[in-house]
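Engineer: The structure's right below; bear with me while I get my questions together.
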Amino acid sequence: MKKILYLSFFIGFLGSPAWAENWAIVVNSQSMNINMIAYTCPYLYFSGYSRKVYGPYLTGSLGSPGNMLLDVATTPNNKYALVSNFGQHKVYRIDISDPANPSLAGTLDLGTFAPEDIAVSPNGQFAVISSGGGVNKLVFINLSSFSNYSLYTLTSPNGYANAVDVGNDNSTIILCDYDHSRIIYGRVNATYSGLVSESSLPTDDYPINVTISPDGSTALVACTRNSVSVFEITGPGTLRSGIFPQIRGFHDSPQSIAFSGYTAGYAYVVSNDQPGSPTTLSMLRVDGHGNVSMRKERAATLCGYSGAAYYGIDVIVVPCPEIYSLIIVGNPSSNLDSRNRVCEILAQPGRPDPFFAPGPLNDTQYDAKGVAIFSWAIYPPSNASLSRLTNNYIFYKEYINRLTWQANDNNISPIAKYRIYRKNKGAADSSYQQLTEVDGSTFRYDDRGLKKTDSYTYRITAITPGGLESSPVELSHVVVMRRAI
Amino acid sequence: MKKSYLVITCFLLLPAASYAVDFSFGFQAGLRTVSDSNIKDVYKNGVCYFPYAEVSLFKGFTLGAGYEFGYSRSGTIGIYSEATTLKVTGFEAFVGYQYSLPMVTPYVFVGFGSFSYTQTVVSVSPAVQTVDATKSTFFVAGGVKVYPMKNLYISAEVKYVPLKVKPIEDEVDLGGLRLMGGLGFTFGF
């Protein structure tokens, strides 16, 4: 009869919030590939800020050179990015769950439709895509399958769709009609294949891009005649002009706009200057629903050079909208100056005189266009437990602390390895020392060779392929003892 | 220790020089059982061998000595099923009485032995160590010799050796029965 003695240990669970992994994806229009940018947000006086550019990736998989990859949008679960290939009429789905190793996960051929601006519904059910000038059609893609698309023809007389965005109600869709200086808007139908109704409101001259605020209350339209039109969204598919319908006074031509706050805060405008001159950044103040005003025009000179602006492509993101902010900007124009780079801008927007410090991300490419961000929490392993085993060598015994855990299903990113720390029970947390690392497919570790009186506390963390580490789960000592035979 | 047992044995045999005595040399082999359930689980019962010499003095009184070896068992041990080996050997001296009948001589012995045991385990654990120790103990045995020829005999013997040891932290019973048979040769002066 073999007897194995072991003691069951108490599971102490920290349950602390997971740490986030932040990435941006950039499409390169001519070289037909993408770059990935990992970053950490700055905090007090910009400390802690870091970023690293990965790639380029997928060269040769996203179409042939010169066909123009223009825009990128990510799905809400941060698993996929959609990329438009204007010249070859395709939309690519890229699996970004392992950001340092993105892979092509599907291609849709849109026939004669040349995709340009991509908007994904916040619920992840569908994507809607607009084309270039003089096109009166939209493409709707059901994202649950990414196997087919619906081509929708606008019912508005002479209506064109040159840029598109979807509200956070997953219903309101706003289009820019560049040629007729108006927006066309409505609600998406139940099958996500078109609009139930279409209405329009005038804008300033030549609207080229539209952005809806994260709370779904405000829409800003970049107009190339040096202004931004403001609208308030009052319900699904219903809009009215903002408190200040037009924000004028731009020296340059707005092309892309990004909000930094959920309801109030700031919005940033990327503008084209004279061809060959640097692109610029301006700052708007958002005080509430439809209540937007100029805060600082030409707040910064950026790292890209101006040319003819593209319809609808979204080149600005605000991944870190805090007191010490980070803004990332691609190039909104067709300018292929070899000096072009993606621009990172560290900012203190809340200062009386807002502060902006732009700089080039040198490892990015000259032809960078659309930019999108995604982030997810990295969760520690789940169902972790600690048990004390006694290994009977007959003449003596070995004492073992066995740690077991499971993969946390909430993690989008793959887990490359688990890291285990140990300290004497009751010692300060600063005395934790790394004990070992095991690969991401291992869910057990035995701390062997212990004395009967040894008493330790353990921490286990999950590590992504990019090297980012989750918060720890902590395992502490015994309350239950039992004997198994 | 081994030398001291040899000296003791020679000393015990010295009186034989002044009496009409019979000398015997024999070799036994057989089953060596183990009492401890953990030992039995891991190492099982085994075989052992026992070459010996004895001198039969007046009225069946007998002195002898021998060396037990051959119990060397391998197996796997513990949670991780690590490879292990246990080896037990022993020097034994004994006294007894044997009753001579035509062709058959039953006998009983008591003895004292010094048993060495070694356990090795192949492991990555820093807790694992080699056990190598010696312990002495009394034992009892009984058997019968059958003489199919004048000086040659066949023996069958049962021996019980109690051997509780505690070389490190846990007491282990290395004792058990020996069920042996063998051949021997007797010659007298």
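Ordering of the structure tokens sets the chain letters (A, B, ...); residue numbers start at 1 within each chain; ligands are numbered from 1 in the order shown.
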Show me, as a tab-separated table, the residues of chain A having an atom within 7 Å of chain B, each with the closest atom pair and its distance in Å, using only C-alpha atoms.
Structural biologist:
```
residue	atom	partner	partner_atom	distance
A:Met1	CA	B:Ser37	CA	6.8
A:Lys2	CA	B:Asn38	CA	6.8
A:Asn391	CA	B:Gly78	CA	5.5
A:Asn392	CA	B:Gly78	CA	5.6
A:Tyr393	CA	B:Gly78	CA	6.1
A:Ile394	CA	B:Asn38	CA	6.6
A:Phe395	CA	B:Asp170	CA	5.2
A:Tyr396	CA	B:Glu169	CA	5.5
A:Glu398	CA	B:Ala127	CA	6.0
A:Arg448	CA	B:Ser125	CA	6.2
A:Gly449	CA	B:Ala127	CA	4.4
```
Engineer: Taking the chain letters and numbering used in this document, name the residues of chain B that DSSP puts in alpha helix (DSSP H), as an MDAnalysis selection string.
Structural biologist: chainID B and resid 2:13 37:43
Engineer: What would the file look like if the residues just selected were written as a PDB file, in the first residue's frame with C-alpha atoms?
Structural biologist:
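This is the output file again.pdb:
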```pdb
ATOM      1  CA  LYS B   2      34.428  -6.932   9.316  1.00  0.00           C
ATOM      2  CA  LYS B   3      37.875  -7.665  10.731  1.00  0.00           C
ATOM      3  CA  SER B   4      36.562  -7.844  14.258  1.00  0.00           C
ATOM      4  CA  TYR B   5      33.958 -10.413  13.285  1.00  0.00           C
ATOM      5  CA  LEU B   6      36.630 -12.491  11.593  1.00  0.00           C
ATOM      6  CA  VAL B   7      38.767 -12.424  14.737  1.00  0.00           C
ATOM      7  CA  ILE B   8      35.788 -13.369  16.903  1.00  0.00           C
ATOM      8  CA  THR B   9      34.938 -16.235  14.602  1.00  0.00           C
ATOM      9  CA  CYS B  10      38.489 -17.576  14.665  1.00  0.00           C
ATOM     10  CA  PHE B  11      38.570 -17.287  18.442  1.00  0.00           C
ATOM     11  CA  LEU B  12      35.345 -19.257  18.726  1.00  0.00           C
ATOM     12  CA  LEU B  13      36.708 -21.947  16.470  1.00  0.00           C
ATOM     13  CA  SER B  37       5.553  -2.292   3.237  1.00  0.00           C
ATOM     14  CA  ASN B  38       7.265   0.721   1.658  1.00  0.00           C
ATOM     15  CA  ILE B  39      10.404  -1.299   0.967  1.00  0.00           C
ATOM     16  CA  LYS B  40       8.289  -4.089  -0.436  1.00  0.00           C
ATOM     17  CA  ASP B  41       6.364  -1.663  -2.674  1.00  0.00           C
ATOM     18  CA  VAL B  42       9.472  -0.160  -4.176  1.00  0.00           C
ATOM     19  CA  TYR B  43      12.110  -2.862  -4.091  1.00  0.00           C
TER      20      TYR B  43
END
```
Engineer: Report as a VMD selection string all protein, DNA and RNA residues lying within 8 Å of B:Asp173, evaluated on only C-alpha atoms, omitting residues in the same chain fewer than 6 positions from it.
Structural biologist: chain B and resid 34 to 36 162 to 165
Engineer: Please give the complete set of residues from stretch 20-51 of chain A that DSSP, run on the backbone, assigns to strand (DSSP E), formatted as a PyMOL selection string.
Structural biologist: chain A and resi 20-28+33-40+50-51
Engineer: Tell me which protein, DNA and RNA residues are within 8 Å of B:Ala53, counting only C-alpha atoms, leaving out same-chain ones fewer than 3 positions away, and put them as a list in words.
Structural biologist: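 Here the answer would be Phe23, Ser24, Phe25, Gly26, Gly64, Ala65 and Gly66 of chain B.
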Engineer: Can I get the selected residues back with N, CA and C atoms, as a short mmCIF file (atom, residue, chain, number, x, y, z; two decimals), in the first residue's frame?
Structural biologist:
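Once written, again-v1.cif looks like this:
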```cif
data_model
loop_
_atom_site.label_atom_id
_atom_site.label_comp_id
_atom_site.auth_asym_id
_atom_site.auth_seq_id
_atom_site.Cartn_x
_atom_site.Cartn_y
_atom_site.Cartn_z
N PHE B 23 34.08 -30.06 10.67
CA PHE B 23 34.02 -28.76 9.99
C PHE B 23 33.07 -28.86 8.81
N SER B 24 32.34 -27.78 8.56
CA SER B 24 31.45 -27.73 7.40
C SER B 24 31.64 -26.40 6.66
N PHE B 25 31.55 -26.52 5.34
CA PHE B 25 31.52 -25.33 4.49
C PHE B 25 30.31 -25.46 3.57
N GLY B 26 29.62 -24.40 3.45
CA GLY B 26 28.41 -24.51 2.62
C GLY B 26 28.08 -23.21 1.90
N GLY B 64 29.58 -20.85 13.96
CA GLY B 64 29.78 -20.60 12.53
C GLY B 64 29.77 -19.12 12.19
N ALA B 65 30.10 -18.86 10.93
CA ALA B 65 30.10 -17.48 10.43
C ALA B 65 29.87 -17.51 8.93
N GLY B 66 29.29 -16.44 8.43
CA GLY B 66 29.04 -16.37 6.99
C GLY B 66 28.83 -14.93 6.53
#
```
Engineer: Atom CA of A:Gly265 and atom CA of A:Thr301 are how many Å apart?
Structural biologist: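 These atoms are spaced 21.6 Å apart.
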Engineer: Please identify all polymer residues within 7 Å of A:Pro380, counting only C-alpha atoms, omitting same-chain residues fewer than 3 positions from it, and present them as an MDAnalysis selection string.
Structural biologist: chainID A and resid 18 408 461:462 470:473
Engineer: Within 6 Å of B:Val55, counting only C-alpha atoms, which residues qualify if same-chain residues fewer than 6 places away don't, as a list in words?
Structural biologist: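 Result of the neighbour search: Asp22, Phe23, Thr62 and Leu63 of chain B.
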Engineer: Export, as an mmCIF file, in the first residue's frame, the selected residues with C-alpha atoms.
Structural biologist:
```
data_model
loop_
_atom_site.group_PDB
_atom_site.id
_atom_site.type_symbol
_atom_site.label_atom_id
_atom_site.label_comp_id
_atom_site.auth_asym_id
_atom_site.auth_seq_id
_atom_site.Cartn_x
_atom_site.Cartn_y
_atom_site.Cartn_z
ATOM 1 C CA ASP B 22 33.426 -31.663 12.296
ATOM 2 C CA PHE B 23 34.024 -28.765 9.993
ATOM 3 C CA THR B 62 27.981 -25.571 16.659
ATOM 4 C CA LEU B 63 29.706 -22.283 15.913
#
```
Engineer: Quick check, in Å to one decimal: how far apart do atom CA of A:Cys176 and atom CA of A:Val83 lie?
Structural biologist: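 Taking atom CA of A:Cys176 and atom CA of A:Val83, their separation equals 20.0 Å.
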Engineer: Fewer than 3 positions away in the same chain doesn't count, so skip those; otherwise give me all residues within 9 Å of stretch 327-339 of chain A, counting only C-alpha atoms, as a PyMOL selection string.
Structural biologist: chain A and resi 24+26-27+30+255-256+268+270-272+275-276+279+302-311+313-321+342-347+358+365-371
Engineer: Using atom CA of B:Arg32 and atom CA of B:Leu86 as the two end points, give the distance in Å to one decimal.
Structural biologist: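 Those two atoms sit 13.1 Å apart.
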Engineer: Kindly indicate which residue among A:Leu58, A:Thr364, A:Trp376, A:Tyr178 lies nearest to A:Thr75, using only C-alpha atoms for the distances.
Structural biologist: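 Distance minimum relative to A:Thr75 lands on A:Trp376.
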